[in-house]
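Before any comments, here is the structure.
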Amino acid sequence: MLGPELVVALGLAIAVTAAVADRIRIAPPVLLLVIGALLAFVPTFGRVELPADAVLLLFLPALLYWESLTTSLREIRKNLRGIVLMGTVLVVATAGVVATLLHLLGMPWGPAWVLGAAVAPTDATAVGVLTRMLPRRNVTVLRAESLVNDGTTLVVYGIAVAVTVGTQELTFWSVSGMLVLSYVGGVAAGLLAAWLGSLVLRRVDTVVLENLVTLLVPFAAFLGAEAIGASGVLAVVAAGIVVSQVAPKLDRAETRQQVRAFWSFLTYLLNGALFVLVGIEAMVAARALDARELWTGVGLVLAVSVVLVLVRFAFEGTIGGTVWLVTRRFGGEPREGRRDRLVSGFAGFRGAVSLAMAVAVPRTLESGGAFPERDLIVFVTAGVVVVTVVGQALVLPAVLRRAALPEDESVGEERRYAERTAVEEALDALPRLARKAGADRATIDRVRRDLEAHLDVIQAREEDDEDHPTLQRHDATVALELALVRHKAATLLRLRDDDEIDDVVLRQVRAGYDAEEARLEGSTPA
């Protein structure tokens with residue numbers, strides 16, 4: 001009965017990491033890998049073998065779907081040229097350079113390309129966690145690059161695995177056909193899944209069903225694309241971007257709250273579990289290597305990590321310089337400068353996608369023999385993830401100080417603009433909406449005073465004066481209302497404990513208080 005034991009071990013590992021990672025100043029992904037490696041010494045967990053298809057199906061759709069839902073489409077459109085180049089050409093170039101290096105060091109071409117493809121893509125989740133100090137545009141470009149390059153690298157990975165296993169002949173037409181099918185079919189499958197999901201959302205009015213639809217969309221997109229031989233990753237990304245634009249117009253506030261909470265928690269668990277599982281697999285793979293192979297693996301980890309950074313800088317310097325010259329030649333203003341490229345060069349974190357691909361390498365060939373260098377592929381990939389996460393995360397703060405990127409105020413400015421516009425238009429619509437609702441004059445005047453007070457707070461925030469009397473009154477009011485809501489909740493608990501009300505009544509009334517408390521806690525932006 002390994003299943004329950006493994007679930008408990010994964011949960012404990014994630015909980016311990018969440019509790020101590022910040023205190024001991026170790027990046028959470030690295031600590032999770034270390035815990036997984038230690039678990040591999042327990043005989044029960046040392047026998048864990050992850051099915052290749054299960055890894056790709058269970059982890060990638062959910063992780064990539066949430067990243068797609070929370071990415072800015074506007075910033076993607078503004079930086080589409082760079083994103084496409086980094087997400088396609090750079091990934092293939094990186095995989096090719098790494099494969100060539102590995103082949104020169106003695107690894108056969110098939111496993112070399114598999115390993116090259118596994119470490120080629122940057123990881124959207126790692127980028128989102130480890131680059132929060134960057135301006136929004138830089139983070140969006142890095143995350144969008146990660147989403148696009150996942151699809152590209154999985155095509156290269158699929159070709160390399162199929163050729164090595166013996167199920168695919170490597171010809172120009174076969175590779176071209178796989179690329180076209182992967183991109184066109186993947187995007188089409190994602191759009192179809194998003195469209196079907198939107199149709200269902202228009203016709204259901206139950207929160208549970210709406211949440212179920214949002215859960216099924218990424219997996220339906222992934223499976224649909226894989227069924228026709230296309231890229232399931234690109235399907236998930238396309239579906240996520242479409243749903244991020246359409247779903248807010250279709251579902252309800254309660255659904256959106258549950259979806260945000262559910263997907264945030266789910267992807268947190270999946271990402272943590274994947275790192276622990278790969279830590280186990282990496283240690284199992286390391287123990288399967290003899291001393292010479294182990295030292296070879298350590299050397300490959302360092303060599304590949306250095307090559308990844310050098311290739312990224314070389315590509316960005318070449319392409320960025322070319323784009324800069326062409327743009328200036330035609331009188332335009334380049335969006336990215338040398339400081340942006342400097343930061344981007346050190347932000348190429350590898351993570352869950354690389355680990356998933358390494359673990360998903362099949363154990364046997366079509367002929368029945370063992371897949372060549374599989375243990376070394378898993379070990380080197382896990383090592384590269386650790387080196388890139390730790391090394392580049394340590395270097396990035398110094399790089400940011402060197403780059404001195406301008407502080408990004410656009411999110412705060414746009415939030416204030418959005419709130420001010422919404423309140424102003426609500427004031428304009430108040431008479432019409434009041435007539436429709438049948439509200440009396442006293443109610444209208446009270447609502448108007450509340451809206452005008454809210455508008456005063458927004459305007460005071462725009463002046464960026466923390467000591468503004470309006471803001472001080474607002475903060476005091478919020479603090480008082482929070483204290484009152486929590487006092488009412490405590491009263492409910494006392495009534496339940498005294499057996500004066502039932503648990504059902506407690507949950508029903510407390511739900512309203514919880515929503516009010518969450519609203520008040522979010523009314524003063526950090």
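Each chain of the structure tokens is named A, B, ... in the order shown, its residues numbered from 1; ligands are numbered from 1 in display order.
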
Each residue of segment 259-305 of chain A lying at most 12 Å from segment 116-119 of chain A should get a row with its shortest atom-to-atom pair and the distance in Å to one decimal, counting only C-alpha atoms; could you produce that, ordered by chain and increasing number, as a Markdown table?
| residue | atom | partner | partner_atom | distance |
| --- | --- | --- | --- | --- |
| A:Leu300 | CA | A:Gly116 | CA | 11.5 |
| A:Val301 | CA | A:Val119 | CA | 10.4 |
| A:Val304 | CA | A:Val119 | CA | 8.5 |
| A:Ser305 | CA | A:Val119 | CA | 9.0 |

Exercise for review: Might you pull out every residue within 12 Å of Leu80 of chain A, with only C-alpha atoms counted and same-chain residues fewer than 3 positions away left off, and present them as a PyMOL selection string?
Suggested key: chain A and resi 72-77+83-88+137+140-142+144-145+148+335

Write out as a PyMOL selection string each polymer residue whose atoms come within 7 Å of Thr94 of chain A, counting only C-alpha atoms; drop sequence neighbours fewer than 6 positions from it.
chain A and resi 120+308+311

Convert the current residue selection to file output with all heavy atoms, as an mmCIF file, in the first residue's frame.
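Saved the output as selection23.cif:
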data_model
loop_
_atom_site.group_PDB
_atom_site.id
_atom_site.type_symbol
_atom_site.label_atom_id
_atom_site.label_comp_id
_atom_site.auth_asym_id
_atom_site.auth_seq_id
_atom_site.Cartn_x
_atom_site.Cartn_y
_atom_site.Cartn_z
ATOM 1 N N ALA A 120 16.116 22.443 -22.037
ATOM 2 C CA ALA A 120 16.042 23.638 -22.877
ATOM 3 C C ALA A 120 15.015 24.668 -22.406
ATOM 4 O O ALA A 120 15.279 25.869 -22.459
ATOM 5 C CB ALA A 120 15.754 23.237 -24.326
ATOM 6 N N LEU A 308 23.814 26.602 -20.812
ATOM 7 C CA LEU A 308 22.474 27.195 -20.889
ATOM 8 C C LEU A 308 22.529 28.712 -20.751
ATOM 9 O O LEU A 308 21.861 29.443 -21.487
ATOM 10 C CB LEU A 308 21.586 26.605 -19.789
ATOM 11 C CG LEU A 308 21.203 25.136 -19.924
ATOM 12 C CD1 LEU A 308 20.367 24.692 -18.722
ATOM 13 C CD2 LEU A 308 20.449 24.879 -21.214
ATOM 14 N N VAL A 311 24.391 30.221 -23.974
ATOM 15 C CA VAL A 311 23.537 30.207 -25.170
ATOM 16 C C VAL A 311 22.451 31.267 -25.068
ATOM 17 O O VAL A 311 22.149 31.977 -26.043
ATOM 18 C CB VAL A 311 22.917 28.812 -25.367
ATOM 19 C CG1 VAL A 311 21.856 28.845 -26.468
ATOM 20 C CG2 VAL A 311 23.986 27.794 -25.713
#

| Tell me, which residues of segment 217-448 of chain A carry DSSP helix (DSSP H, G or I), written as a PyMOL selection string? | chain A and resi 217-227+232-249+253-288+291-329+338-345+352-359+374-403+410-437+441-448

Test item: residues at most 10 Å from Ala288 of chain A, only C-alpha atoms, excluding those fewer than 5 positions along its chain, as a ChimeraX atom specification
/A:282-283,293-294,375-376

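Nearest to Gly158 of chain A of all the residues A:Leu105, A:Met357, A:Ala370, A:Val7 is A:Met357, based on only C-alpha atoms.
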
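Residue neighbourhood of segment 206-222 of chain A, excluding near-sequence residues (fewer than 6 positions): Leu57, Pro61, Ala62, Tyr65, Ala189, Gly190, Leu192, Ala193, Ala194, Gly197, Val200, Ser231, Gly232, Val233, Ala235, Val236, Ala239, Gly240, Asp251, Arg252, Glu254, Thr255, Gln258 and Val259 of chain A, at 8 Å, using only C-alpha atoms.
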
Store the residues of this selection in a file with N, CA and C atoms, as an mmCIF file, in the first residue's frame.
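In the end it all went to result.cif:
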data_model
loop_
_atom_site.group_PDB
_atom_site.id
_atom_site.type_symbol
_atom_site.label_atom_id
_atom_site.label_comp_id
_atom_site.auth_asym_id
_atom_site.auth_seq_id
_atom_site.Cartn_x
_atom_site.Cartn_y
_atom_site.Cartn_z
ATOM 1 N N LEU A 57 0.524 13.860 -17.976
ATOM 2 C CA LEU A 57 -0.907 14.145 -17.948
ATOM 3 C C LEU A 57 -1.340 14.783 -16.639
ATOM 4 N N PRO A 61 -0.693 19.725 -17.511
ATOM 5 C CA PRO A 61 -1.895 20.507 -17.847
ATOM 6 C C PRO A 61 -2.306 21.479 -16.748
ATOM 7 N N ALA A 62 -2.321 21.013 -15.511
ATOM 8 C CA ALA A 62 -2.756 21.883 -14.419
ATOM 9 C C ALA A 62 -1.784 23.032 -14.200
ATOM 10 N N TYR A 65 -1.912 25.477 -17.239
ATOM 11 C CA TYR A 65 -3.212 26.126 -17.381
ATOM 12 C C TYR A 65 -3.327 27.323 -16.429
ATOM 13 N N ALA A 189 -6.843 22.404 -30.942
ATOM 14 C CA ALA A 189 -7.451 21.623 -29.850
ATOM 15 C C ALA A 189 -7.721 22.502 -28.635
ATOM 16 N N GLY A 190 -6.801 23.408 -28.335
ATOM 17 C CA GLY A 190 -7.010 24.309 -27.206
ATOM 18 C C GLY A 190 -8.178 25.252 -27.434
ATOM 19 N N LEU A 192 -10.722 24.713 -29.401
ATOM 20 C CA LEU A 192 -11.952 23.930 -29.373
ATOM 21 C C LEU A 192 -12.381 23.633 -27.937
ATOM 22 N N ALA A 193 -11.431 23.238 -27.090
ATOM 23 C CA ALA A 193 -11.763 22.944 -25.695
ATOM 24 C C ALA A 193 -12.278 24.197 -24.987
ATOM 25 N N ALA A 194 -11.631 25.356 -25.244
ATOM 26 C CA ALA A 194 -12.080 26.601 -24.621
ATOM 27 C C ALA A 194 -13.476 26.991 -25.117
ATOM 28 N N GLY A 197 -15.991 24.672 -23.500
ATOM 29 C CA GLY A 197 -16.134 25.059 -22.110
ATOM 30 C C GLY A 197 -16.973 26.311 -21.942
ATOM 31 N N VAL A 200 -20.659 25.542 -22.351
ATOM 32 C CA VAL A 200 -21.229 24.924 -21.154
ATOM 33 C C VAL A 200 -21.432 25.967 -20.058
ATOM 34 N N SER A 231 0.541 18.951 -29.955
ATOM 35 C CA SER A 231 1.139 19.341 -28.681
ATOM 36 C C SER A 231 0.045 19.609 -27.646
ATOM 37 N N GLY A 232 -0.023 18.755 -26.634
ATOM 38 C CA GLY A 232 -0.976 18.980 -25.560
ATOM 39 C C GLY A 232 -0.652 20.226 -24.767
ATOM 40 N N VAL A 233 0.640 20.553 -24.650
ATOM 41 C CA VAL A 233 1.043 21.749 -23.903
ATOM 42 C C VAL A 233 0.522 23.011 -24.580
ATOM 43 N N ALA A 235 -1.958 23.223 -26.536
ATOM 44 C CA ALA A 235 -3.416 23.206 -26.410
ATOM 45 C C ALA A 235 -3.844 23.779 -25.068
ATOM 46 N N VAL A 236 -3.165 23.375 -24.011
ATOM 47 C CA VAL A 236 -3.494 23.881 -22.677
ATOM 48 C C VAL A 236 -3.246 25.381 -22.593
ATOM 49 N N ALA A 239 -5.935 27.223 -24.601
ATOM 50 C CA ALA A 239 -7.212 27.179 -23.876
ATOM 51 C C ALA A 239 -7.183 28.119 -22.677
ATOM 52 N N GLY A 240 -6.077 28.140 -21.942
ATOM 53 C CA GLY A 240 -5.986 29.002 -20.770
ATOM 54 C C GLY A 240 -6.085 30.473 -21.115
ATOM 55 N N ASP A 251 -18.992 33.509 -15.772
ATOM 56 C CA ASP A 251 -19.254 32.905 -14.468
ATOM 57 C C ASP A 251 -19.554 33.974 -13.423
ATOM 58 N N ARG A 252 -19.836 33.505 -12.222
ATOM 59 C CA ARG A 252 -20.266 34.392 -11.146
ATOM 60 C C ARG A 252 -19.141 34.645 -10.158
ATOM 61 N N GLU A 254 -18.954 34.052 -6.952
ATOM 62 C CA GLU A 254 -18.658 32.910 -6.091
ATOM 63 C C GLU A 254 -17.805 31.887 -6.823
ATOM 64 N N THR A 255 -18.113 31.673 -8.104
ATOM 65 C CA THR A 255 -17.322 30.737 -8.901
ATOM 66 C C THR A 255 -15.894 31.224 -9.051
ATOM 67 N N GLN A 258 -13.900 30.664 -5.872
ATOM 68 C CA GLN A 258 -13.538 29.262 -5.681
ATOM 69 C C GLN A 258 -12.478 28.820 -6.683
ATOM 70 N N VAL A 259 -12.593 29.280 -7.932
ATOM 71 C CA VAL A 259 -11.621 28.897 -8.953
ATOM 72 C C VAL A 259 -10.236 29.405 -8.584
#

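The protein and nucleic acid residues lying at most 8 Å from segment 14-18 of chain A are A:Pro28, A:Leu31, A:Leu32, A:Leu269, A:Gly272, A:Ala273, with only C-alpha atoms considered and sequence neighbours fewer than 6 positions away removed.
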
Could those residues be written to a file, using all heavy atoms, as a CSV table (one decimal), in the first residue's frame?
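That gives us selection.csv:
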chain,number,residue,atom,x,y,z
A,28,PRO,N,12.6,27.1,-2.1
A,28,PRO,CA,11.7,26.0,-1.9
A,28,PRO,C,11.9,24.8,-2.9
A,28,PRO,O,11.9,23.7,-2.4
A,28,PRO,CB,10.3,26.6,-2.0
A,28,PRO,CG,10.5,28.0,-1.6
A,28,PRO,CD,11.8,28.4,-2.1
A,31,LEU,N,14.8,22.8,-1.7
A,31,LEU,CA,14.6,22.0,-0.4
A,31,LEU,C,13.7,20.8,-0.7
A,31,LEU,O,13.9,19.8,-0.1
A,31,LEU,CB,13.9,23.0,0.6
A,31,LEU,CG,13.7,22.4,2.0
A,31,LEU,CD1,15.0,21.9,2.6
A,31,LEU,CD2,13.1,23.5,2.9
A,32,LEU,N,12.7,21.0,-1.6
A,32,LEU,CA,11.8,19.9,-1.9
A,32,LEU,C,12.6,18.7,-2.6
A,32,LEU,O,12.4,17.5,-2.3
A,32,LEU,CB,10.7,20.3,-2.9
A,32,LEU,CG,9.6,21.2,-2.2
A,32,LEU,CD1,8.8,21.9,-3.3
A,32,LEU,CD2,8.8,20.4,-1.3
A,269,LEU,N,0.4,22.5,-4.7
A,269,LEU,CA,0.6,21.1,-4.3
A,269,LEU,C,1.3,20.3,-5.4
A,269,LEU,O,2.2,19.5,-5.2
A,269,LEU,CB,-0.7,20.4,-3.9
A,269,LEU,CG,-1.4,20.8,-2.6
A,269,LEU,CD1,-2.7,20.1,-2.4
A,269,LEU,CD2,-0.5,20.6,-1.4
A,272,GLY,N,4.9,21.3,-5.8
A,272,GLY,CA,5.7,20.8,-4.7
A,272,GLY,C,5.9,19.2,-4.8
A,272,GLY,O,7.0,18.7,-4.6
A,273,ALA,N,4.8,18.5,-5.1
A,273,ALA,CA,4.9,17.1,-5.2
A,273,ALA,C,5.8,16.6,-6.3
A,273,ALA,O,6.6,15.7,-6.1
A,273,ALA,CB,3.5,16.5,-5.4

If you count only C-alpha atoms, the residue of A:Pro431, A:Gly522, A:Gly317, A:Pro362 closest to Val478 of chain A turns out to be A:Gly522
